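Worksheet: one structure, shown below.
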Amino acid sequence: MFKKFNLLLVSIILIFGAFLPQGKSIAATGSITISTDTVNVRGGPGLSYPLIKVAKRGEKYSIVSEKDDWIEIQLSFGKTGWVVNWLVSKENAAKTASTAQASGSKSTSAAAKTDQLRVRSGPGTSFPIAGFLNKGQQVTVLDQNENWCKISSASTEGWVARDFLEYKTVKQENTPAPPPAKTASSGVVNGDTLNVRKEPSSSSTLVGKLTKGTTVTIYSKQNNWLEVGFSTLRGWVSAEFIDTSASSPAKDNPKKESSGMNGTVTAGSLSVRQGASLDSSIIGTVSLGQSFTILEEYNNWAKIEFKSGSFGWVAGWYLEKSAVKTNTGQAVKESKVTILQNGTNIRKAPNVQSDVVELANEGDTFSVQSLANDWYEVKLKNGKTGFVAGWIVSTNGTKAQIVKSGAEGYLKNKTIVLDPGHGGGDNGATGAAGTLEKELTLRTAKLLYDKLRSAGANVYLTRNNDSFLPLPSRVNTAHSYHADAFISLHYDSNLDRSVRGMTGYYYHSYQKSLADTLYASTVGQTKLKNRGVRFGDFHVIRENSQKAVLMELGYLSNSEEEMTLKSSGFQESAATGLYDGLARYFKSN
């Protein structure tokens, strides 16, 4: 009798236990928070499983288990569902508590370094001004994105340039103390390709390369070797390949180099640096309201003559730019434009409905007569004039492109899927100096994500961390959200290490217009070699019923180009180019 009772009791426990949730996984793995507007909760770990619920932003759920890129969450007693891990933020209760305790002395607060510091609605100078900060005003740093920080203060919330914030807890690796200005000088590379080594010896490890014409900061000299720096690169080079007189005032004639643009300082106090980088030495300051001729621009930095005979670089996002005016109104003096693509239309009037008077090809140059809204009036070979759209050409002496105002109006409520190529065990291309494609594509995607979100677009990342995602899943993300645009981001590689430049790809004819517009904007902004837009048989665009493109944003296999691609300046330019291109595409479609 007792045995029968025990068997019955065990049977009841087993049957009842089959319907209970597995509580031990919940306690061990923490919870997730929905990080997008809506997320589909499915019956299993895959897009083919039925939809059982739509979760909304901010909702929190306990984690039951994980499988590949899917997380099983607790919906209610005895009921679970699955969500993809790149649309949620994951928290582990035990880790969060210990991390907070360990970093209790590390503050995320900062203070404005200048008066009238502009706070913008998004990470870029094209976004509207949301407010101002005064020197010393305290803020909380919510997020960082290359050159921009998202902040919150008692009066406003938005994005500010990172260079104008002083952190209360400074990480030494992020703010290396520059060498004293008195001991630093500059020089120009006079060889075609110059090896940069770890130590002052020809047998030392190679840490990078510099190309002819690059301006470097010289820190010290040892025998016939110079310790130099450029952007984030620092090492030793042979002194015979550095011309230390090339940067003298006699050779830097502002009248000859003028871009036809003026810049007026909008910050209370703006640092002048030796090079176009936050890592370059500070050699002077300029003040609010001062106006200078812009001699050259590089990656959102402007070169100016800040005092007689002295030249340096300032952050371009703190200059209010204006064309040098002549009697014709908005004429741009001694300025030329270069055509970026074959078959570019030059029209009779400054609008796309006007008659085409001439077709121009890549590399053709024209003198600029005046500006009319977003169009350049150019002088043709027959002596007549025509108009070319400012966003599909480059201008001499300045990297600036004409950017249409109000871009956020064309992006608001658009659904855009960004696909950072590779991830997890798939590194993609590996650069000459070890840069991984999977890391660079994620950097670019996150920058672009923040810009688009700030403009009111519905943006989704196929991955937001270092995880592997099969190609069909990337395409399914575009289909699931009925994406208005799908952009797959990549960096290229070639056995021939001299190959360089940017390439755009499409597969279906309905994708070509998006590819053309995005490519023209991005190559114009970054000034990489133009390799054009072409047909490409890639899964993520071939199998995609949405308007989808694949962008190869440069060659990591080229050591000089690799240095450019991984710089914050290039990342900002590439994201800005893609952002502007999307706005232009949606405006005309």
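How things are named: the first chain in the structure tokens is A, the next is B, and so on; residues count from 1 in each chain; ligands count from 1 in the order shown.
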Report task. Any chance you could list, as a VMD selection string, the residues in stretch 270-461 of chain A that come up strand (DSSP E) when DSSP is run on the backbone? Result -> chain A and resid 270 to 273 282 to 287 291 to 293 296 to 298 301 to 307 310 to 315 319 to 323 336 to 339 344 to 347 356 to 360 365 to 372 375 to 379 385 to 389 393 to 395 415 to 420 458 to 461
For C-alpha atoms, I'd like the residues from the last selection saved as a JSON list (two decimals), in the first residue's frame.
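Written out: out_24.json:
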[["chain", "number", "residue", "atom", "x", "y", "z"],
["A", 270, "LEU", "CA", 38.15, 77.51, -29.33],
["A", 271, "SER", "CA", 41.46, 75.60, -29.26],
["A", 272, "VAL", "CA", 43.77, 75.82, -32.28],
["A", 273, "ARG", "CA", 45.66, 72.57, -32.79],
["A", 282, "ILE", "CA", 47.14, 72.96, -28.73],
["A", 283, "ILE", "CA", 49.12, 75.86, -30.18],
["A", 284, "GLY", "CA", 46.69, 78.74, -29.58],
["A", 285, "THR", "CA", 43.09, 79.83, -29.05],
["A", 286, "VAL", "CA", 40.53, 81.94, -30.89],
["A", 287, "SER", "CA", 37.44, 83.61, -29.46],
["A", 291, "SER", "CA", 36.26, 85.40, -38.43],
["A", 292, "PHE", "CA", 38.92, 83.63, -40.51],
["A", 293, "THR", "CA", 39.43, 82.51, -44.09],
["A", 296, "GLU", "CA", 41.68, 73.84, -46.05],
["A", 297, "GLU", "CA", 39.35, 71.28, -44.44],
["A", 298, "TYR", "CA", 39.92, 67.69, -43.40],
["A", 301, "TRP", "CA", 38.48, 70.27, -39.14],
["A", 302, "ALA", "CA", 39.38, 73.65, -40.68],
["A", 303, "LYS", "CA", 42.84, 75.11, -41.24],
["A", 304, "ILE", "CA", 43.11, 78.85, -40.50],
["A", 305, "GLU", "CA", 45.74, 81.55, -40.06],
["A", 306, "PHE", "CA", 44.92, 82.34, -36.42],
["A", 307, "LYS", "CA", 47.57, 85.06, -36.19],
["A", 310, "SER", "CA", 50.81, 81.17, -37.72],
["A", 311, "PHE", "CA", 48.55, 78.39, -39.00],
["A", 312, "GLY", "CA", 46.58, 75.71, -37.20],
["A", 313, "TRP", "CA", 43.43, 73.58, -37.16],
["A", 314, "VAL", "CA", 40.12, 74.17, -35.37],
["A", 315, "ALA", "CA", 37.03, 72.02, -34.96],
["A", 319, "LEU", "CA", 32.61, 77.56, -37.21],
["A", 320, "GLU", "CA", 29.68, 79.32, -38.83],
["A", 321, "LYS", "CA", 30.63, 79.06, -42.51],
["A", 322, "SER", "CA", 29.74, 81.57, -45.20],
["A", 323, "ALA", "CA", 30.77, 82.03, -48.81],
["A", 336, "LYS", "CA", 36.09, 75.06, -58.43],
["A", 337, "VAL", "CA", 33.94, 71.95, -58.30],
["A", 338, "THR", "CA", 34.94, 68.46, -59.35],
["A", 339, "ILE", "CA", 32.40, 66.02, -60.78],
["A", 344, "THR", "CA", 26.32, 64.07, -64.21],
["A", 345, "ASN", "CA", 23.68, 66.53, -65.45],
["A", 346, "ILE", "CA", 24.49, 70.21, -65.73],
["A", 347, "ARG", "CA", 21.21, 72.07, -66.04],
["A", 356, "VAL", "CA", 20.14, 69.52, -69.26],
["A", 357, "VAL", "CA", 22.66, 71.68, -71.12],
["A", 358, "GLU", "CA", 25.70, 69.42, -70.75],
["A", 359, "LEU", "CA", 26.75, 66.02, -69.40],
["A", 360, "ALA", "CA", 29.92, 65.90, -67.30],
["A", 365, "THR", "CA", 36.30, 70.52, -63.08],
["A", 366, "PHE", "CA", 34.42, 73.79, -63.46],
["A", 367, "SER", "CA", 34.86, 77.29, -62.05],
["A", 368, "VAL", "CA", 32.13, 78.36, -59.64],
["A", 369, "GLN", "CA", 30.36, 81.62, -60.46],
["A", 370, "SER", "CA", 27.78, 81.71, -57.65],
["A", 371, "LEU", "CA", 25.59, 79.69, -55.31],
["A", 372, "ALA", "CA", 21.83, 79.35, -55.77],
["A", 375, "TRP", "CA", 23.20, 74.41, -56.60],
["A", 376, "TYR", "CA", 26.50, 75.71, -57.95],
["A", 377, "GLU", "CA", 26.43, 77.95, -61.01],
["A", 378, "VAL", "CA", 29.50, 76.88, -63.04],
["A", 379, "LYS", "CA", 31.24, 78.22, -66.12],
["A", 385, "THR", "CA", 27.00, 78.89, -67.46],
["A", 386, "GLY", "CA", 24.97, 76.04, -66.03],
["A", 387, "PHE", "CA", 23.94, 74.63, -62.67],
["A", 388, "VAL", "CA", 25.04, 71.43, -60.93],
["A", 389, "ALA", "CA", 23.62, 70.01, -57.69],
["A", 393, "VAL", "CA", 30.31, 67.37, -56.53],
["A", 394, "SER", "CA", 33.34, 68.19, -54.41],
["A", 395, "THR", "CA", 34.86, 71.65, -54.02],
["A", 415, "THR", "CA", 12.05, 52.70, -41.23],
["A", 416, "ILE", "CA", 15.73, 52.00, -41.82],
["A", 417, "VAL", "CA", 17.62, 48.78, -41.12],
["A", 418, "LEU", "CA", 21.39, 49.08, -40.68],
["A", 419, "ASP", "CA", 23.40, 45.91, -41.18],
["A", 420, "PRO", "CA", 26.96, 46.00, -39.74],
["A", 458, "ASN", "CA", 12.68, 54.17, -36.86],
["A", 459, "VAL", "CA", 16.09, 52.52, -36.94],
["A", 460, "TYR", "CA", 17.00, 48.87, -36.37],
["A", 461, "LEU", "CA", 20.44, 47.24, -36.18]]
**Report entry** stretch 422-426 of chain A surroundings by only C-alpha atoms, 10 Å radius, close-in-sequence under 4 positions cut, as a PyMOL selection string
**Finding:** chain A and resi 436-439+441-442+463-471+489-490
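The neighbours of stretch 224-226 of chain A here are the residues that come within 9 Å of it, using only C-alpha atoms and leaving out any residue fewer than 2 positions away in the same chain; they are A:Pro200, A:Ser201, A:Ile218, A:Tyr219, A:Ser220, A:Lys221, A:Gln222, A:Val228, A:Gly235, A:Trp236, A:Val237, A:Ser238, A:Ala239, A:Glu240, A:Ile242.
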Write the selection just made, keeping C-alpha atoms, as an mmCIF file, in the first residue's frame?
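New file selection_3.cif:
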data_model
loop_
_atom_site.group_PDB
_atom_site.id
_atom_site.type_symbol
_atom_site.label_atom_id
_atom_site.label_comp_id
_atom_site.auth_asym_id
_atom_site.auth_seq_id
_atom_site.Cartn_x
_atom_site.Cartn_y
_atom_site.Cartn_z
ATOM 1 C CA PRO A 200 64.362 54.455 -33.849
ATOM 2 C CA SER A 201 65.819 51.557 -35.828
ATOM 3 C CA ILE A 218 57.655 66.154 -34.447
ATOM 4 C CA TYR A 219 58.200 65.321 -30.771
ATOM 5 C CA SER A 220 61.877 64.405 -30.501
ATOM 6 C CA LYS A 221 65.016 63.460 -32.435
ATOM 7 C CA GLN A 222 67.497 60.637 -31.900
ATOM 8 C CA VAL A 228 56.464 61.887 -35.068
ATOM 9 C CA GLY A 235 56.357 56.305 -33.856
ATOM 10 C CA TRP A 236 59.802 56.832 -35.392
ATOM 11 C CA VAL A 237 60.713 57.673 -38.993
ATOM 12 C CA SER A 238 63.905 58.365 -40.889
ATOM 13 C CA ALA A 239 64.647 62.118 -40.678
ATOM 14 C CA GLU A 240 65.693 62.341 -44.345
ATOM 15 C CA ILE A 242 60.626 64.630 -43.330
#
Query raised in the report: Got a sec: who's within 6 Å of A:Asn558, counting only C-alpha atoms, leaving out chain neighbours fewer than 3 positions off, as a ChimeraX atom specification?
Result: /A:497-498,555,561-562
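You will find atom CA of A:Gln137 at 19.9 Å from atom CA of A:Pro123.
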